[in-house]
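Visitor: Next comes final.cif, mmCIF, C-alpha atoms:
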data_coords
#
loop_
_atom_site.label_atom_id
_atom_site.label_comp_id
_atom_site.auth_asym_id
_atom_site.auth_seq_id
_atom_site.Cartn_x
_atom_site.Cartn_y
_atom_site.Cartn_z
CA MET A 1 106.68 61.98 82.18
CA SER A 2 104.07 59.25 82.12
CA PHE A 3 104.81 55.58 82.66
CA ALA A 4 102.58 52.80 81.40
CA LEU A 5 103.08 49.09 81.09
CA THR A 6 103.02 47.67 77.60
CA SER A 7 100.74 44.69 77.25
CA PRO A 8 102.35 41.45 76.06
CA ALA A 9 99.80 41.54 73.25
CA ASP A 10 101.37 44.78 71.95
CA TYR A 11 105.10 44.14 72.53
CA SER A 12 107.91 42.28 70.79
CA VAL A 13 111.26 40.87 71.87
CA LEU A 14 114.01 40.58 69.25
CA GLY A 15 111.36 41.14 66.60
CA ILE A 16 109.19 38.28 67.88
CA PRO A 17 105.73 39.44 68.97
CA THR A 18 105.16 38.45 72.58
CA ILE A 19 101.60 37.51 71.67
CA ALA A 20 103.22 34.49 69.95
CA LEU A 21 105.15 33.72 73.14
CA SER A 22 101.98 34.06 75.21
CA ALA A 23 100.17 31.68 72.88
CA LEU A 24 103.12 29.27 72.95
CA ILE A 25 103.13 29.25 76.77
CA ALA A 26 99.40 28.49 76.75
CA VAL A 27 99.81 25.67 74.22
CA ILE A 28 102.72 24.13 76.15
CA ALA A 29 100.80 24.36 79.43
CA LEU A 30 97.73 22.73 77.87
CA ALA A 31 99.88 19.98 76.33
CA ILE A 32 101.52 19.20 79.68
CA PHE A 33 98.14 19.24 81.39
CA ALA A 34 96.69 16.90 78.75
CA PHE A 35 99.65 14.54 79.15
CA VAL A 36 99.21 14.39 82.93
CA ILE A 37 95.44 13.88 82.64
CA VAL A 38 95.84 11.08 80.07
CA LYS A 39 98.36 9.31 82.34
CA ARG A 40 95.89 9.53 85.22
CA LEU A 41 92.88 8.47 83.15
CA VAL A 42 94.46 5.27 81.80
CA PRO A 43 94.01 3.29 85.06
CA LEU A 44 90.45 4.58 85.37
CA LEU A 45 89.61 3.51 81.83
CA ASN A 46 91.08 0.07 82.48
CA ALA A 47 89.10 -0.38 85.69
CA ALA A 48 85.83 -2.28 85.94
CA PRO A 49 82.77 -0.26 84.89
CA ASP A 50 80.75 1.46 87.59
CA ASN A 51 77.08 1.10 86.75
CA SER A 52 75.97 3.15 89.73
CA ARG A 53 77.83 6.29 88.62
CA PHE A 54 74.66 8.04 87.46
CA SER A 55 72.46 7.00 90.37
CA ARG A 56 71.49 9.31 93.26
CA ILE A 57 72.29 12.48 91.29
CA PRO A 58 70.72 14.94 93.78
CA GLU A 59 72.61 13.34 96.68
CA ARG A 60 75.87 13.48 94.74
CA ILE A 61 75.35 17.16 93.84
CA ALA A 62 74.61 17.95 97.50
CA LYS A 63 77.83 16.22 98.56
CA VAL A 64 79.83 18.17 95.99
CA LEU A 65 78.40 21.41 97.35
CA VAL A 66 79.05 20.47 100.98
CA ILE A 67 82.40 18.70 100.71
CA PHE A 68 84.01 20.59 97.82
CA LEU A 69 82.50 24.05 97.80
CA ALA A 70 81.75 24.49 101.52
CA GLN A 71 85.00 22.69 102.48
CA TYR A 72 83.07 20.83 105.19
CA ARG A 73 85.85 18.38 106.10
CA GLN A 74 88.72 20.84 106.36
CA PRO A 75 88.21 22.19 109.90
CA ARG A 76 88.78 18.75 111.49
CA TYR A 77 92.44 19.84 111.80
CA LEU A 78 91.86 23.42 112.84
CA ALA A 79 95.09 25.20 111.82
CA GLY A 80 95.72 23.26 108.61
CA GLY A 81 92.01 23.26 107.74
CA LEU A 82 91.66 27.02 108.11
CA ILE A 83 94.82 27.59 106.08
CA HIS A 84 93.43 25.36 103.32
CA ILE A 85 90.03 27.12 103.41
CA PHE A 86 91.63 30.57 103.08
CA ILE A 87 93.76 29.43 100.13
CA PHE A 88 90.78 27.68 98.49
CA PHE A 89 88.36 30.62 98.77
CA GLY A 90 91.09 33.05 97.72
CA PHE A 91 91.56 31.02 94.58
CA ILE A 92 87.81 30.94 93.98
CA ALA A 93 87.75 34.74 94.32
CA LEU A 94 90.64 35.05 91.86
CA LEU A 95 89.43 32.68 89.14
CA ILE A 96 87.96 35.35 86.90
CA ARG A 97 90.96 37.65 87.36
CA THR A 98 93.39 34.84 86.55
CA PHE A 99 91.49 33.97 83.37
CA SER A 100 91.33 37.66 82.41
CA LEU A 101 95.08 38.11 82.85
CA ALA A 102 95.79 35.06 80.68
CA VAL A 103 93.57 36.38 77.89
CA MET A 104 95.02 39.89 78.25
CA GLY A 105 98.36 38.39 77.22
CA LEU A 106 96.76 37.76 73.85
CA TYR A 107 94.31 40.66 73.63
CA ALA A 108 95.24 43.73 75.69
CA GLU A 109 91.76 45.28 75.88
CA PHE A 110 90.01 42.12 77.11
CA VAL A 111 87.43 42.65 79.85
CA PHE A 112 85.46 39.71 81.23
CA PRO A 113 81.80 40.19 80.27
CA GLY A 114 79.98 42.18 82.95
CA PHE A 115 83.19 43.36 84.61
CA GLY A 116 83.67 46.64 82.75
CA GLY A 117 81.95 49.06 85.15
CA ALA A 118 81.49 49.53 88.88
CA PHE A 119 81.01 45.81 89.44
CA GLY A 120 84.39 45.16 87.82
CA GLN A 121 86.06 47.80 89.97
CA GLY A 122 84.53 46.26 93.09
CA TYR A 123 85.69 42.82 92.01
CA SER A 124 89.19 44.21 91.38
CA ILE A 125 89.34 45.50 94.97
CA LEU A 126 88.12 42.11 96.27
CA ALA A 127 90.72 40.36 94.09
CA ASP A 128 93.50 42.55 95.54
CA TYR A 129 92.46 41.63 99.09
CA ALA A 130 92.13 37.96 98.10
CA ALA A 131 95.62 37.94 96.59
CA THR A 132 97.00 39.48 99.78
CA TRP A 133 95.34 36.97 102.09
CA VAL A 134 96.30 34.03 99.86
CA LEU A 135 99.93 35.22 99.85
CA ILE A 136 100.01 35.57 103.65
CA VAL A 137 98.33 32.21 104.22
CA CYS A 138 100.60 30.47 101.67
CA LEU A 139 103.68 31.78 103.43
CA ILE A 140 102.30 30.61 106.79
CA ALA A 141 101.50 27.20 105.27
CA ALA A 142 104.98 26.91 103.71
CA VAL A 143 106.67 27.69 107.04
CA ARG A 144 104.29 25.35 108.87
CA ARG A 145 104.79 22.52 106.38
CA GLY A 146 108.52 23.07 105.84
CA LEU A 147 109.69 23.74 109.39
CA PHE A 148 106.97 22.39 111.66
CA THR A 149 105.64 19.38 109.74
CA PRO A 150 102.64 17.89 111.58
CA GLU A 151 103.10 14.28 112.65
CA ARG A 152 100.21 13.10 110.45
CA TYR A 153 102.15 14.17 107.33
CA LYS A 154 105.08 11.86 108.08
CA VAL A 155 105.24 8.92 105.66
CA PRO A 156 106.58 5.54 106.83
CA GLU A 157 109.55 4.42 104.69
CA ASN A 158 107.77 1.33 103.38
CA TYR A 159 105.02 3.57 101.87
CA GLY A 160 107.22 5.94 99.90
CA HIS A 161 108.73 9.31 100.63
CA ASP A 162 107.69 12.51 102.31
CA HIS A 163 106.01 15.10 100.05
CA THR A 164 106.97 18.19 102.05
CA ASN A 165 109.26 19.54 99.32
CA GLU A 166 106.49 19.29 96.71
CA ALA A 167 103.97 20.93 99.04
CA VAL A 168 106.31 23.83 99.81
CA PHE A 169 107.11 24.20 96.09
CA ILE A 170 103.40 24.43 95.23
CA LEU A 171 102.86 26.99 97.99
CA LEU A 172 105.76 29.07 96.63
CA VAL A 173 104.32 28.85 93.10
CA ILE A 174 100.96 30.07 94.43
CA SER A 175 102.75 32.86 96.33
CA THR A 176 104.57 33.90 93.15
CA MET A 177 101.22 34.02 91.32
CA MET A 178 99.82 36.30 94.03
CA VAL A 179 102.82 38.63 93.92
CA THR A 180 102.69 38.91 90.11
CA LYS A 181 98.93 39.50 90.24
CA SER A 182 99.49 42.29 92.74
CA LEU A 183 102.27 43.80 90.63
CA PHE A 184 99.94 43.83 87.64
#
Translate this file's structure into structure tokens.
Guide:
Amino acid sequence: MSFALTSPADYSVLGIPTIALSALIAVIALAIFAFVIVKRLVPLLNAAPDNSRFSRIPERIAKVLVIFLAQYRQPRYLAGGLIHIFIFFGFIALLIRTFSLAVMGLYAEFVFPGFGGAFGQGYSILADYAATWVLIVCLIAAVRRGLFTPERYKVPENYGHDHTNEAVFILLVISTMMVTKSLF
């Protein structure tokens, strides 16, 4: 007897094609994302104009590459910085796979262009290792943040509240994504 998973694009629940549910989830997620972005853009749009925004373009691109992509500032706190770097580069490694899985919910035979042959198989192996290391590091980060909160994360009462619960929740969401990716 052979066992194969049925793609959401080819399945139905109570007569409702799951492709419709997959599309609905995507639309709801995009709507929530748009709502959050609009709420965050309003103060920026009401702020004074910044006429220097398009000056020093090469310097700005270099800083993006060094600070964002190379994660230059993270190792200043060694343990937390390394944890962040592993999660960040794991996510970078999994971007294409994550996009592919989302599209496969709508079209079962989707293959990201250029990822159909040996290169795609190699990437799939890398993605499996990346998902494993991201899961391990997320669990370490959740324990570290939840049980052994570094002093620098403590928030004085007059400045608001501690964000440990939100941080642990996000780490558990990321861990769930890694487990489901591995199960796929």
Visitor: Using all atoms listed in the file, which residues of range 81-143 of chain A come within 10 Å of range 19-34 of chain A, and what is the closest atom pair for each, with the distance in Å to one decimal? Give it as JSON lines, sorted by chain and residue number.
Guide:
{"residue": "A:Ala102", "atom": "CA", "partner": "A:Ser22", "partner_atom": "CA", "distance": 8.3}
{"residue": "A:Val103", "atom": "CA", "partner": "A:Ser22", "partner_atom": "CA", "distance": 9.1}
{"residue": "A:Met104", "atom": "CA", "partner": "A:Ser22", "partner_atom": "CA", "distance": 9.6}
{"residue": "A:Gly105", "atom": "CA", "partner": "A:Ser22", "partner_atom": "CA", "distance": 6.0}
{"residue": "A:Leu106", "atom": "CA", "partner": "A:Ile19", "partner_atom": "CA", "distance": 5.3}
{"residue": "A:Tyr107", "atom": "CA", "partner": "A:Ile19", "partner_atom": "CA", "distance": 8.2}
{"residue": "A:Ala108", "atom": "CA", "partner": "A:Ile19", "partner_atom": "CA", "distance": 9.8}
Visitor: Using Å and a single decimal, report how far CA of Ala167 in chain A sits from CA of Phe184 in chain A.
Guide: 25.9 Å
Visitor: Starting from the shown file, work through the PyMOL selection byres ((chain A and resi 71) around 12) and note down what comes out as a list in words.
Guide: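 Checking the PyMOL selection byres ((chain A and resi 71) around 12) against this file, the residues are Lys63, Val64, Leu65, Val66, Ile67, Phe68, Leu69, Ala70, Tyr72, Arg73, Gln74, Pro75, Arg76, Gly81, Leu82, Ile83, His84, Ile85, Phe86, Ile87, Phe88 and Phe89 of chain A.
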Visitor: Please identify all polymer residues within 12 Å of Arg97 in chain A, counting all atoms listed in the file, omitting same-chain residues fewer than 2 positions from it, and present them as a ChimeraX atom specification.
Guide: /A:90-95,99-104,110-113,115,120-121,123-128,130-131,177-178,181-182,184
Visitor: Taking the file above as input, evaluate the PyMOL selection byres ((chain A and resi 168-174) around 7) and report the hits as a PyMOL selection string.
Guide: chain A and resi 138+142+145-146+164-167+175-178
Visitor: Identify which of the residues A:Val179, A:Leu44, A:Gly122, A:Glu157 lies closest to Val134 in chain A, counting all atoms listed in the file when measuring atom-to-atom distances.
Guide: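 Once distances to Val134 in chain A are computed over all atoms listed in the file, the minimum belongs to A:Val179.
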Visitor: Could you work out how far CA of Val137 in chain A lies from CA of Thr149 in chain A, giving the answer in Å with one decimal?
Guide: 15.8 Å
Visitor: How many Å lie between CA of Val143 in chain A and CA of His161 in chain A, rounded to one decimal?
Guide: 19.6 Å
Visitor: Nearest residue to Pro150 in chain A out of A:Phe119, A:Tyr77, A:Trp133, A:Phe35, using all atoms listed in the file?
Guide: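 Using all atoms listed in the file, Pro150 in chain A sits closest to A:Tyr77.
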Visitor: Each side padded by 3 Å, which centre and which edge lengths in Å (one decimal) define the axis-aligned box around the listed atoms of range 78-85 of chain A? Give them as AutoDock Vina command-line options.
Guide:
--center_x 92.9 --center_y 25.4 --center_z 108.1 --size_x 11.7 --size_y 10.3 --size_z 15.5
